[in-house]
file input.pdb (PDB, N, CA and C atoms)
ATOM      1  N   MET Q   1      17.615  28.038   3.295
ATOM      2  CA  MET Q   1      16.476  27.605   4.079
ATOM      3  C   MET Q   1      15.241  28.368   3.630
ATOM      4  N   PHE Q   2      14.124  27.695   3.732
ATOM      5  CA  PHE Q   2      12.847  28.271   3.351
ATOM      6  C   PHE Q   2      11.968  28.356   4.593
ATOM      7  N   ALA Q   3      11.246  29.459   4.728
ATOM      8  CA  ALA Q   3      10.335  29.633   5.858
ATOM      9  C   ALA Q   3       8.966  30.049   5.349
ATOM     10  N   SER Q   4       7.955  29.635   6.065
ATOM     11  CA  SER Q   4       6.611  30.106   5.771
ATOM     12  C   SER Q   4       5.913  30.409   7.086
ATOM     13  N   THR Q   5       5.012  31.369   7.024
ATOM     14  CA  THR Q   5       4.206  31.702   8.186
ATOM     15  C   THR Q   5       2.744  31.591   7.796
ATOM     16  N   MET Q   6       1.923  31.329   8.780
ATOM     17  CA  MET Q   6       0.480  31.267   8.572
ATOM     18  C   MET Q   6      -0.162  32.015   9.729
ATOM     19  N   ARG Q   7      -0.964  33.022   9.404
ATOM     20  CA  ARG Q   7      -1.636  33.817  10.433
ATOM     21  C   ARG Q   7      -3.063  33.316  10.603
ATOM     22  N   TYR Q   8      -3.408  33.040  11.846
ATOM     23  CA  TYR Q   8      -4.745  32.553  12.186
ATOM     24  C   TYR Q   8      -5.442  33.592  13.053
ATOM     25  N   LYS Q   9      -6.681  33.916  12.709
ATOM     26  CA  LYS Q   9      -7.492  34.817  13.518
ATOM     27  C   LYS Q   9      -8.693  34.010  14.014
ATOM     28  N   PHE Q  10      -8.739  33.849  15.341
ATOM     29  CA  PHE Q  10      -9.776  33.031  15.964
ATOM     30  C   PHE Q  10     -10.902  33.891  16.513
ATOM     31  N   LYS Q  11     -12.042  33.262  16.705
ATOM     32  CA  LYS Q  11     -13.153  33.925  17.364
ATOM     33  C   LYS Q  11     -12.735  34.277  18.786
ATOM     34  N   GLU Q  12     -13.397  35.265  19.358
ATOM     35  CA  GLU Q  12     -13.041  35.746  20.684
ATOM     36  C   GLU Q  12     -13.008  34.599  21.693
ATOM     37  N   GLY Q  13     -11.910  34.533  22.429
ATOM     38  CA  GLY Q  13     -11.753  33.516  23.459
ATOM     39  C   GLY Q  13     -11.341  32.140  22.956
ATOM     40  N   LYS Q  14     -11.064  32.007  21.661
ATOM     41  CA  LYS Q  14     -10.756  30.697  21.079
ATOM     42  C   LYS Q  14      -9.291  30.510  20.695
ATOM     43  N   GLY Q  15      -8.434  31.492  20.995
ATOM     44  CA  GLY Q  15      -7.030  31.413  20.607
ATOM     45  C   GLY Q  15      -6.297  30.233  21.222
ATOM     46  N   ARG Q  16      -6.470  30.022  22.504
ATOM     47  CA  ARG Q  16      -5.773  28.929  23.194
ATOM     48  C   ARG Q  16      -6.239  27.578  22.636
ATOM     49  N   GLU Q  17      -7.536  27.444  22.384
ATOM     50  CA  GLU Q  17      -8.073  26.207  21.809
ATOM     51  C   GLU Q  17      -7.487  25.961  20.416
ATOM     52  N   GLY Q  18      -7.430  27.012  19.615
ATOM     53  CA  GLY Q  18      -6.868  26.892  18.274
ATOM     54  C   GLY Q  18      -5.410  26.511  18.290
ATOM     55  N   SER Q  19      -4.648  27.102  19.208
ATOM     56  CA  SER Q  19      -3.239  26.791  19.345
ATOM     57  C   SER Q  19      -3.037  25.330  19.745
ATOM     58  N   LYS Q  20      -3.871  24.831  20.642
ATOM     59  CA  LYS Q  20      -3.774  23.438  21.075
ATOM     60  C   LYS Q  20      -4.087  22.493  19.915
ATOM     61  N   ILE Q  21      -5.101  22.816  19.132
ATOM     62  CA  ILE Q  21      -5.446  21.985  17.969
ATOM     63  C   ILE Q  21      -4.273  21.958  16.997
ATOM     64  N   TRP Q  22      -3.687  23.127  16.723
ATOM     65  CA  TRP Q  22      -2.516  23.187  15.829
ATOM     66  C   TRP Q  22      -1.404  22.299  16.363
ATOM     67  N   ASN Q  23      -1.124  22.423  17.646
ATOM     68  CA  ASN Q  23      -0.059  21.640  18.267
ATOM     69  C   ASN Q  23      -0.340  20.141  18.148
ATOM     70  N   ASP Q  24      -1.567  19.735  18.440
ATOM     71  CA  ASP Q  24      -1.934  18.320  18.397
ATOM     72  C   ASP Q  24      -1.826  17.740  16.989
ATOM     73  N   ILE Q  25      -2.203  18.517  15.981
ATOM     74  CA  ILE Q  25      -2.244  17.999  14.608
ATOM     75  C   ILE Q  25      -0.926  18.218  13.866
ATOM     76  N   VAL Q  26      -0.388  19.411  13.957
ATOM     77  CA  VAL Q  26       0.758  19.778  13.122
ATOM     78  C   VAL Q  26       2.097  19.461  13.769
ATOM     79  N   PHE Q  27       2.291  19.883  14.993
ATOM     80  CA  PHE Q  27       3.631  19.858  15.573
ATOM     81  C   PHE Q  27       4.252  18.465  15.615
ATOM     82  N   HIS Q  28       3.616  17.534  16.266
ATOM     83  CA  HIS Q  28       4.234  16.221  16.463
ATOM     84  C   HIS Q  28       4.432  15.470  15.153
ATOM     85  N   THR Q  29       3.450  15.518  14.296
ATOM     86  CA  THR Q  29       3.591  14.856  12.996
ATOM     87  C   THR Q  29       4.572  15.607  12.118
ATOM     88  N   GLY Q  30       4.490  16.922  12.137
ATOM     89  CA  GLY Q  30       5.345  17.743  11.286
ATOM     90  C   GLY Q  30       6.816  17.618  11.604
ATOM     91  N   MET Q  31       7.153  17.508  12.880
ATOM     92  CA  MET Q  31       8.558  17.420  13.256
ATOM     93  C   MET Q  31       9.205  16.122  12.774
ATOM     94  N   GLU Q  32       8.404  15.152  12.386
ATOM     95  CA  GLU Q  32       8.924  13.883  11.869
ATOM     96  C   GLU Q  32       9.122  13.920  10.352
ATOM     97  N   GLN Q  33       8.698  14.987   9.694
ATOM     98  CA  GLN Q  33       8.774  15.080   8.244
ATOM     99  C   GLN Q  33      10.195  15.412   7.790
ATOM    100  N   GLU Q  34      10.580  14.840   6.681
ATOM    101  CA  GLU Q  34      11.899  15.112   6.105
ATOM    102  C   GLU Q  34      12.036  16.588   5.761
ATOM    103  N   GLY Q  35      13.172  17.169   6.086
ATOM    104  CA  GLY Q  35      13.471  18.546   5.710
ATOM    105  C   GLY Q  35      12.989  19.599   6.682
ATOM    106  N   VAL Q  36      12.214  19.212   7.708
ATOM    107  CA  VAL Q  36      11.729  20.189   8.682
ATOM    108  C   VAL Q  36      12.855  20.546   9.640
ATOM    109  N   ILE Q  37      13.090  21.833   9.798
ATOM    110  CA  ILE Q  37      14.090  22.318  10.750
ATOM    111  C   ILE Q  37      13.406  22.778  12.031
ATOM    112  N   SER Q  38      12.301  23.514  11.879
ATOM    113  CA  SER Q  38      11.640  24.078  13.049
ATOM    114  C   SER Q  38      10.165  24.326  12.750
ATOM    115  N   LEU Q  39       9.316  24.073  13.732
ATOM    116  CA  LEU Q  39       7.901  24.431  13.674
ATOM    117  C   LEU Q  39       7.553  25.127  14.983
ATOM    118  N   GLN Q  40       6.840  26.237  14.881
ATOM    119  CA  GLN Q  40       6.460  27.001  16.072
ATOM    120  C   GLN Q  40       5.068  27.568  15.888
ATOM    121  N   ILE Q  41       4.390  27.803  16.991
ATOM    122  CA  ILE Q  41       3.166  28.592  16.948
ATOM    123  C   ILE Q  41       3.237  29.614  18.081
ATOM    124  N   LEU Q  42       3.009  30.861  17.725
ATOM    125  CA  LEU Q  42       3.025  31.970  18.676
ATOM    126  C   LEU Q  42       1.589  32.447  18.851
ATOM    127  N   LEU Q  43       1.207  32.735  20.077
ATOM    128  CA  LEU Q  43      -0.174  33.116  20.360
ATOM    129  C   LEU Q  43      -0.226  34.489  21.003
ATOM    130  N   ASN Q  44      -1.132  35.327  20.521
ATOM    131  CA  ASN Q  44      -1.404  36.636  21.093
ATOM    132  C   ASN Q  44      -2.919  36.756  21.215
ATOM    133  N   GLU Q  45      -3.446  36.309  22.337
ATOM    134  CA  GLU Q  45      -4.881  36.285  22.611
ATOM    135  C   GLU Q  45      -5.612  35.451  21.569
ATOM    136  N   ASP Q  46      -6.267  36.071  20.612
ATOM    137  CA  ASP Q  46      -7.059  35.326  19.637
ATOM    138  C   ASP Q  46      -6.448  35.349  18.242
ATOM    139  N   GLU Q  47      -5.158  35.590  18.172
ATOM    140  CA  GLU Q  47      -4.429  35.539  16.908
ATOM    141  C   GLU Q  47      -3.185  34.680  17.109
ATOM    142  N   ALA Q  48      -2.896  33.846  16.130
ATOM    143  CA  ALA Q  48      -1.711  32.986  16.217
ATOM    144  C   ALA Q  48      -0.889  33.138  14.946
ATOM    145  N   LEU Q  49       0.409  32.935  15.109
ATOM    146  CA  LEU Q  49       1.336  32.943  13.985
ATOM    147  C   LEU Q  49       2.103  31.625  14.023
ATOM    148  N   ALA Q  50       1.891  30.802  13.008
ATOM    149  CA  ALA Q  50       2.632  29.545  12.889
ATOM    150  C   ALA Q  50       3.824  29.796  11.979
ATOM    151  N   ILE Q  51       4.975  29.268  12.373
ATOM    152  CA  ILE Q  51       6.217  29.464  11.619
ATOM    153  C   ILE Q  51       6.825  28.103  11.332
ATOM    154  N   GLY Q  52       7.100  27.847  10.074
ATOM    155  CA  GLY Q  52       7.778  26.618   9.682
ATOM    156  C   GLY Q  52       9.057  26.955   8.938
ATOM    157  N   ILE Q  53      10.135  26.255   9.265
ATOM    158  CA  ILE Q  53      11.405  26.440   8.565
ATOM    159  C   ILE Q  53      11.861  25.078   8.066
ATOM    160  N   TRP Q  54      12.197  25.034   6.775
ATOM    161  CA  TRP Q  54      12.594  23.792   6.112
ATOM    162  C   TRP Q  54      13.950  23.967   5.431
ATOM    163  N   ASP Q  55      14.563  22.838   5.112
ATOM    164  CA  ASP Q  55      15.820  22.851   4.360
ATOM    165  C   ASP Q  55      15.643  23.471   2.983
ATOM    166  N   GLY Q  56      14.452  23.399   2.420
ATOM    167  CA  GLY Q  56      14.156  23.977   1.110
ATOM    168  C   GLY Q  56      12.660  24.014   0.879
ATOM    169  N   GLU Q  57      12.235  24.805  -0.082
ATOM    170  CA  GLU Q  57      10.804  24.964  -0.362
ATOM    171  C   GLU Q  57      10.150  23.647  -0.753
ATOM    172  N   GLU Q  58      10.887  22.773  -1.426
ATOM    173  CA  GLU Q  58      10.300  21.498  -1.851
ATOM    174  C   GLU Q  58       9.839  20.665  -0.646
ATOM    175  N   TYR Q  59      10.530  20.767   0.479
ATOM    176  CA  TYR Q  59      10.119  20.037   1.685
ATOM    177  C   TYR Q  59       8.823  20.618   2.252
ATOM    178  N   ALA Q  60       8.694  21.929   2.211
ATOM    179  CA  ALA Q  60       7.465  22.574   2.676
ATOM    180  C   ALA Q  60       6.290  22.170   1.790
ATOM    181  N   GLN Q  61       6.505  22.107   0.489
ATOM    182  CA  GLN Q  61       5.437  21.703  -0.425
ATOM    183  C   GLN Q  61       5.015  20.259  -0.171
ATOM    184  N   ARG Q  62       5.973  19.379   0.066
ATOM    185  CA  ARG Q  62       5.639  17.982   0.399
ATOM    186  C   ARG Q  62       4.847  17.905   1.694
ATOM    187  N   PHE Q  63       5.257  18.718   2.666
ATOM    188  CA  PHE Q  63       4.567  18.762   3.953
ATOM    189  C   PHE Q  63       3.096  19.130   3.752
ATOM    190  N   MET Q  64       2.828  20.127   2.918
ATOM    191  CA  MET Q  64       1.453  20.565   2.675
ATOM    192  C   MET Q  64       0.628  19.495   1.960
ATOM    193  N   LYS Q  65       1.269  18.605   1.233
ATOM    194  CA  LYS Q  65       0.558  17.553   0.503
ATOM    195  C   LYS Q  65       0.231  16.336   1.365
ATOM    196  N   THR Q  66       0.700  16.314   2.618
ATOM    197  CA  THR Q  66       0.450  15.159   3.485
ATOM    198  C   THR Q  66      -0.996  15.078   3.958
ATOM    199  N   GLY Q  67      -1.743  16.154   3.840
ATOM    200  CA  GLY Q  67      -3.120  16.182   4.329
ATOM    201  C   GLY Q  67      -3.228  16.775   5.731
ATOM    202  N   ILE Q  68      -2.090  17.093   6.335
ATOM    203  CA  ILE Q  68      -2.107  17.670   7.679
ATOM    204  C   ILE Q  68      -2.879  18.988   7.684
ATOM    205  N   PHE Q  69      -2.630  19.837   6.687
ATOM    206  CA  PHE Q  69      -3.287  21.146   6.653
ATOM    207  C   PHE Q  69      -4.799  21.000   6.463
ATOM    208  N   ILE Q  70      -5.226  20.059   5.634
ATOM    209  CA  ILE Q  70      -6.665  19.833   5.431
ATOM    210  C   ILE Q  70      -7.310  19.394   6.738
ATOM    211  N   ASP Q  71      -6.668  18.459   7.434
ATOM    212  CA  ASP Q  71      -7.173  17.997   8.724
ATOM    213  C   ASP Q  71      -7.246  19.157   9.718
ATOM    214  N   LEU Q  72      -6.197  19.983   9.740
ATOM    215  CA  LEU Q  72      -6.172  21.138  10.629
ATOM    216  C   LEU Q  72      -7.324  22.088  10.331
ATOM    217  N   MET Q  73      -7.530  22.414   9.065
ATOM    218  CA  MET Q  73      -8.603  23.347   8.704
ATOM    219  C   MET Q  73      -9.973  22.785   9.072
ATOM    220  N   ASN Q  74     -10.158  21.489   8.914
ATOM    221  CA  ASN Q  74     -11.423  20.875   9.309
ATOM    222  C   ASN Q  74     -11.679  21.031  10.803
ATOM    223  N   LYS Q  75     -10.629  20.885  11.601
ATOM    224  CA  LYS Q  75     -10.770  20.995  13.063
ATOM    225  C   LYS Q  75     -10.912  22.452  13.524
ATOM    226  N   LEU Q  76     -10.305  23.388  12.801
ATOM    227  CA  LEU Q  76     -10.337  24.797  13.198
ATOM    228  C   LEU Q  76     -11.524  25.566  12.631
ATOM    229  N   GLU Q  77     -12.179  25.001  11.638
ATOM    230  CA  GLU Q  77     -13.217  25.713  10.881
ATOM    231  C   GLU Q  77     -14.220  26.462  11.762
ATOM    232  N   SER Q  78     -14.695  25.845  12.821
ATOM    233  CA  SER Q  78     -15.750  26.457  13.628
ATOM    234  C   SER Q  78     -15.242  27.573  14.549
ATOM    235  N   ILE Q  79     -13.919  27.691  14.736
ATOM    236  CA  ILE Q  79     -13.415  28.724  15.650
ATOM    237  C   ILE Q  79     -12.602  29.808  14.939
ATOM    238  N   LEU Q  80     -12.445  29.709  13.619
ATOM    239  CA  LEU Q  80     -11.724  30.729  12.858
ATOM    240  C   LEU Q  80     -12.653  31.858  12.439
ATOM    241  N   LEU Q  81     -12.152  33.083  12.459
ATOM    242  CA  LEU Q  81     -12.902  34.224  11.940
ATOM    243  C   LEU Q  81     -12.814  34.284  10.416
ATOM    244  N   LYS Q  82     -11.645  33.880   9.893
ATOM    245  CA  LYS Q  82     -11.449  33.885   8.448
ATOM    246  C   LYS Q  82     -10.364  32.880   8.087
ATOM    247  N   LYS Q  83     -10.262  32.583   6.812
ATOM    248  CA  LYS Q  83      -9.255  31.645   6.340
ATOM    249  C   LYS Q  83      -7.860  32.194   6.654
ATOM    250  N   PRO Q  84      -6.958  31.335   7.145
ATOM    251  CA  PRO Q  84      -5.615  31.809   7.479
ATOM    252  C   PRO Q  84      -4.849  32.306   6.261
ATOM    253  N   GLN Q  85      -3.939  33.230   6.516
ATOM    254  CA  GLN Q  85      -3.134  33.814   5.446
ATOM    255  C   GLN Q  85      -1.714  33.281   5.509
ATOM    256  N   ALA Q  86      -1.237  32.757   4.399
ATOM    257  CA  ALA Q  86       0.124  32.223   4.328
ATOM    258  C   ALA Q  86       1.072  33.265   3.743
ATOM    259  N   GLU Q  87       2.296  33.254   4.227
ATOM    260  CA  GLU Q  87       3.351  34.108   3.681
ATOM    261  C   GLU Q  87       4.595  33.257   3.493
ATOM    262  N   ARG Q  88       5.355  33.540   2.454
ATOM    263  CA  ARG Q  88       6.578  32.801   2.142
ATOM    264  C   ARG Q  88       7.778  33.685   2.421
ATOM    265  N   TRP Q  89       8.855  33.075   2.964
ATOM    266  CA  TRP Q  89      10.043  33.814   3.352
ATOM    267  C   TRP Q  89      11.285  33.015   2.990
ATOM    268  N   GLU Q  90      12.367  33.704   2.801
ATOM    269  CA  GLU Q  90      13.678  33.071   2.705
ATOM    270  C   GLU Q  90      14.328  33.255   4.073
ATOM    271  N   ALA Q  91      14.702  32.158   4.712
ATOM    272  CA  ALA Q  91      15.311  32.240   6.048
ATOM    273  C   ALA Q  91      16.783  32.582   5.890
ATOM    274  N   GLU Q  92      17.147  33.813   6.159
ATOM    275  CA  GLU Q  92      18.525  34.292   5.994
ATOM    276  C   GLU Q  92      19.437  33.825   7.118
ATOM    277  N   ALA Q  93      18.894  33.714   8.327
ATOM    278  CA  ALA Q  93      19.698  33.250   9.464
ATOM    279  C   ALA Q  93      18.763  32.542  10.440
ATOM    280  N   PHE Q  94      19.281  31.519  11.077
ATOM    281  CA  PHE Q  94      18.483  30.769  12.036
ATOM    282  C   PHE Q  94      19.412  30.166  13.065
ATOM    283  N   GLY Q  95      19.040  30.255  14.308
ATOM    284  CA  GLY Q  95      19.853  29.660  15.359
ATOM    285  C   GLY Q  95      19.031  29.476  16.614
ATOM    286  N   THR Q  96      19.514  28.625  17.487
ATOM    287  CA  THR Q  96      18.877  28.430  18.780
ATOM    288  C   THR Q  96      19.953  28.415  19.858
ATOM    289  N   VAL Q  97      19.577  28.785  21.050
ATOM    290  CA  VAL Q  97      20.507  28.800  22.164
ATOM    291  C   VAL Q  97      20.511  27.440  22.854
ATOM    292  N   ARG Q  98      19.363  26.792  22.927
ATOM    293  CA  ARG Q  98      19.266  25.486  23.585
ATOM    294  C   ARG Q  98      19.143  24.390  22.584
TER
END
call {"tool": "encode", "arguments": {"input": "input.pdb", "output": "C-alpha cells"}}
result
Amino acid sequence: MFASTMRYKFKEGKGREGSKIWNDIVFHTGMEQEGVISLQILLNEDEALAIGIWDGEEYAQRFMKTGIFIDLMNKLESILLKKPQAERWEAEAFGTVR
C-alpha cells in the first residue's frame, strides 16, 4: 500500500473553512477513484493534515491527474499561508475497527 500526506497551513481562523473545502472537493470524488483505500483530513486549529492511502503509488498518481488537486488549490488559494507540503509513505499496516 502507498500513502501520502499533505500538510496545509491556513490563515488564522481559516482552518475549519479549509477543511470543509477539502472535504467538498476531494473526499466524495476521491473515494470513488480506483485504488483508493482511505482518505482523511485531520484538523488542528489552522493546520490540517490530509492522508490518502491507495493500493499502489500508480493509483495516487492517477488521482492527482484528475484535476481535483488543481481545483482544490484554486479554492484554497486565498486562505492558505503557504503552498501545502506533500510527503510520500509506504503504508506498512492499516486497519479499521468499524
call {"tool": "atom_distance", "arguments": {"input": "input.pdb", "atom1": "atom N of Gly35 in chain Q", "atom2": "CA of Ser19 in chain Q"}}
result
23.2 Å
call {"tool": "select_by_dssp", "arguments": {"input": "input.pdb", "residues": "chain Q", "states": "strand (DSSP E or B)", "output": "tab-separated table (two decimals) with N, CA and C atoms, in the coordinates of the input"}}
result
chain	number	residue	atom	x	y	z
Q	2	PHE	N	14.12	27.70	3.73
Q	2	PHE	CA	12.85	28.27	3.35
Q	2	PHE	C	11.97	28.36	4.59
Q	3	ALA	N	11.25	29.46	4.73
Q	3	ALA	CA	10.34	29.63	5.86
Q	3	ALA	C	8.97	30.05	5.35
Q	4	SER	N	7.96	29.64	6.06
Q	4	SER	CA	6.61	30.11	5.77
Q	4	SER	C	5.91	30.41	7.09
Q	5	THR	N	5.01	31.37	7.02
Q	5	THR	CA	4.21	31.70	8.19
Q	5	THR	C	2.74	31.59	7.80
Q	6	MET	N	1.92	31.33	8.78
Q	6	MET	CA	0.48	31.27	8.57
Q	6	MET	C	-0.16	32.02	9.73
Q	7	ARG	N	-0.96	33.02	9.40
Q	7	ARG	CA	-1.64	33.82	10.43
Q	7	ARG	C	-3.06	33.32	10.60
Q	8	TYR	N	-3.41	33.04	11.85
Q	8	TYR	CA	-4.74	32.55	12.19
Q	8	TYR	C	-5.44	33.59	13.05
Q	9	LYS	N	-6.68	33.92	12.71
Q	9	LYS	CA	-7.49	34.82	13.52
Q	9	LYS	C	-8.69	34.01	14.01
Q	10	PHE	N	-8.74	33.85	15.34
Q	10	PHE	CA	-9.78	33.03	15.96
Q	10	PHE	C	-10.90	33.89	16.51
Q	36	VAL	N	12.21	19.21	7.71
Q	36	VAL	CA	11.73	20.19	8.68
Q	36	VAL	C	12.86	20.55	9.64
Q	37	ILE	N	13.09	21.83	9.80
Q	37	ILE	CA	14.09	22.32	10.75
Q	37	ILE	C	13.41	22.78	12.03
Q	38	SER	N	12.30	23.51	11.88
Q	38	SER	CA	11.64	24.08	13.05
Q	38	SER	C	10.16	24.33	12.75
Q	39	LEU	N	9.32	24.07	13.73
Q	39	LEU	CA	7.90	24.43	13.67
Q	39	LEU	C	7.55	25.13	14.98
Q	40	GLN	N	6.84	26.24	14.88
Q	40	GLN	CA	6.46	27.00	16.07
Q	40	GLN	C	5.07	27.57	15.89
Q	41	ILE	N	4.39	27.80	16.99
Q	41	ILE	CA	3.17	28.59	16.95
Q	41	ILE	C	3.24	29.61	18.08
Q	42	LEU	N	3.01	30.86	17.73
Q	42	LEU	CA	3.02	31.97	18.68
Q	42	LEU	C	1.59	32.45	18.85
Q	43	LEU	N	1.21	32.74	20.08
Q	43	LEU	CA	-0.17	33.12	20.36
Q	43	LEU	C	-0.23	34.49	21.00
Q	44	ASN	N	-1.13	35.33	20.52
Q	44	ASN	CA	-1.40	36.64	21.09
Q	44	ASN	C	-2.92	36.76	21.22
Q	47	GLU	N	-5.16	35.59	18.17
Q	47	GLU	CA	-4.43	35.54	16.91
Q	47	GLU	C	-3.18	34.68	17.11
Q	48	ALA	N	-2.90	33.85	16.13
Q	48	ALA	CA	-1.71	32.99	16.22
Q	48	ALA	C	-0.89	33.14	14.95
Q	49	LEU	N	0.41	32.94	15.11
Q	49	LEU	CA	1.34	32.94	13.98
Q	49	LEU	C	2.10	31.62	14.02
Q	50	ALA	N	1.89	30.80	13.01
Q	50	ALA	CA	2.63	29.54	12.89
Q	50	ALA	C	3.82	29.80	11.98
Q	51	ILE	N	4.97	29.27	12.37
Q	51	ILE	CA	6.22	29.46	11.62
Q	51	ILE	C	6.82	28.10	11.33
Q	52	GLY	N	7.10	27.85	10.07
Q	52	GLY	CA	7.78	26.62	9.68
Q	52	GLY	C	9.06	26.96	8.94
Q	53	ILE	N	10.14	26.26	9.26
Q	53	ILE	CA	11.40	26.44	8.56
Q	53	ILE	C	11.86	25.08	8.07
Q	54	TRP	N	12.20	25.03	6.78
Q	54	TRP	CA	12.59	23.79	6.11
Q	54	TRP	C	13.95	23.97	5.43
Q	80	LEU	N	-12.44	29.71	13.62
Q	80	LEU	CA	-11.72	30.73	12.86
Q	80	LEU	C	-12.65	31.86	12.44
Q	85	GLN	N	-3.94	33.23	6.52
Q	85	GLN	CA	-3.13	33.81	5.45
Q	85	GLN	C	-1.71	33.28	5.51
Q	86	ALA	N	-1.24	32.76	4.40
Q	86	ALA	CA	0.12	32.22	4.33
Q	86	ALA	C	1.07	33.26	3.74
Q	87	GLU	N	2.30	33.25	4.23
Q	87	GLU	CA	3.35	34.11	3.68
Q	87	GLU	C	4.60	33.26	3.49
Q	88	ARG	N	5.36	33.54	2.45
Q	88	ARG	CA	6.58	32.80	2.14
Q	88	ARG	C	7.78	33.68	2.42
Q	89	TRP	N	8.86	33.08	2.96
Q	89	TRP	CA	10.04	33.81	3.35
Q	89	TRP	C	11.28	33.02	2.99
Q	90	GLU	N	12.37	33.70	2.80
Q	90	GLU	CA	13.68	33.07	2.70
Q	90	GLU	C	14.33	33.26	4.07
call {"tool": "closest_residue", "arguments": {"input": "input.pdb", "among": "Q:Val97, Q:Leu81, Q:Met64, Q:Met73", "to": "Glu12 in chain Q", "atoms": "all atoms listed in the file"}}
result
Q:Leu81
call {"tool": "atom_distance", "arguments": {"input": "input.pdb", "atom1": "atom C of Glu90 in chain Q", "atom2": "CA of Trp54 in chain Q"}}
result
9.8 Å
call {"tool": "closest_residue", "arguments": {"input": "input.pdb", "among": "Q:Arg88, Q:Lys14, Q:Arg98, Q:Lys9", "to": "Leu49 in chain Q", "atoms": "all atoms listed in the file"}}
result
Q:Lys9
call {"tool": "resolve_selection", "arguments": {"input": "input.pdb", "expression": "the PyMOL selection byres ((chain Q and resi 6) around 7)", "output": "PyMOL selection string"}}
result
chain Q and resi 4-5+7-8+48-52+84-87
call {"tool": "residues_around", "arguments": {"input": "input.pdb", "residues": "Tyr59 in chain Q", "least_positions_apart": "4", "cutoff": "8 Å", "atoms": "only N, CA and C atoms", "output": "mmCIF file with N, CA and C atoms, in the frame of the given file"}}
result
data_model
loop_
_atom_site.group_PDB
_atom_site.id
_atom_site.type_symbol
_atom_site.label_atom_id
_atom_site.label_comp_id
_atom_site.auth_asym_id
_atom_site.auth_seq_id
_atom_site.Cartn_x
_atom_site.Cartn_y
_atom_site.Cartn_z
ATOM 1 N N GLN Q 33 8.698 14.987 9.694
ATOM 2 C CA GLN Q 33 8.774 15.080 8.244
ATOM 3 C C GLN Q 33 10.195 15.412 7.790
ATOM 4 N N GLU Q 34 10.580 14.840 6.681
ATOM 5 C CA GLU Q 34 11.899 15.112 6.105
ATOM 6 C C GLU Q 34 12.036 16.588 5.761
ATOM 7 N N GLY Q 35 13.172 17.169 6.086
ATOM 8 C CA GLY Q 35 13.471 18.546 5.710
ATOM 9 C C GLY Q 35 12.989 19.599 6.682
ATOM 10 N N VAL Q 36 12.214 19.212 7.708
ATOM 11 C CA VAL Q 36 11.729 20.189 8.682
ATOM 12 C C VAL Q 36 12.855 20.546 9.640
ATOM 13 N N ILE Q 53 10.135 26.255 9.265
ATOM 14 C CA ILE Q 53 11.405 26.440 8.565
ATOM 15 C C ILE Q 53 11.861 25.078 8.066
ATOM 16 N N TRP Q 54 12.197 25.034 6.775
ATOM 17 C CA TRP Q 54 12.594 23.792 6.112
ATOM 18 C C TRP Q 54 13.950 23.967 5.431
ATOM 19 N N ASP Q 55 14.563 22.838 5.112
ATOM 20 C CA ASP Q 55 15.820 22.851 4.360
ATOM 21 C C ASP Q 55 15.643 23.471 2.983
ATOM 22 N N PHE Q 63 5.257 18.718 2.666
ATOM 23 C CA PHE Q 63 4.567 18.762 3.953
ATOM 24 C C PHE Q 63 3.096 19.130 3.752
ATOM 25 N N MET Q 64 2.828 20.127 2.918
ATOM 26 C CA MET Q 64 1.453 20.565 2.675
ATOM 27 C C MET Q 64 0.628 19.495 1.960
ATOM 28 N N LYS Q 65 1.269 18.605 1.233
ATOM 29 C CA LYS Q 65 0.558 17.553 0.503
ATOM 30 C C LYS Q 65 0.231 16.336 1.365
#
call {"tool": "atom_distance", "arguments": {"input": "input.pdb", "atom1": "atom N of Ile79 in chain Q", "atom2": "atom N of Gly13 in chain Q"}}
result
10.5 Å
call {"tool": "resolve_selection", "arguments": {"input": "input.pdb", "expression": "the PyMOL selection byres ((chain Q and resi 16) around 8)", "output": "VMD selection string"}}
result
chain Q and resid 10 13 to 15 17 to 22 43 to 47
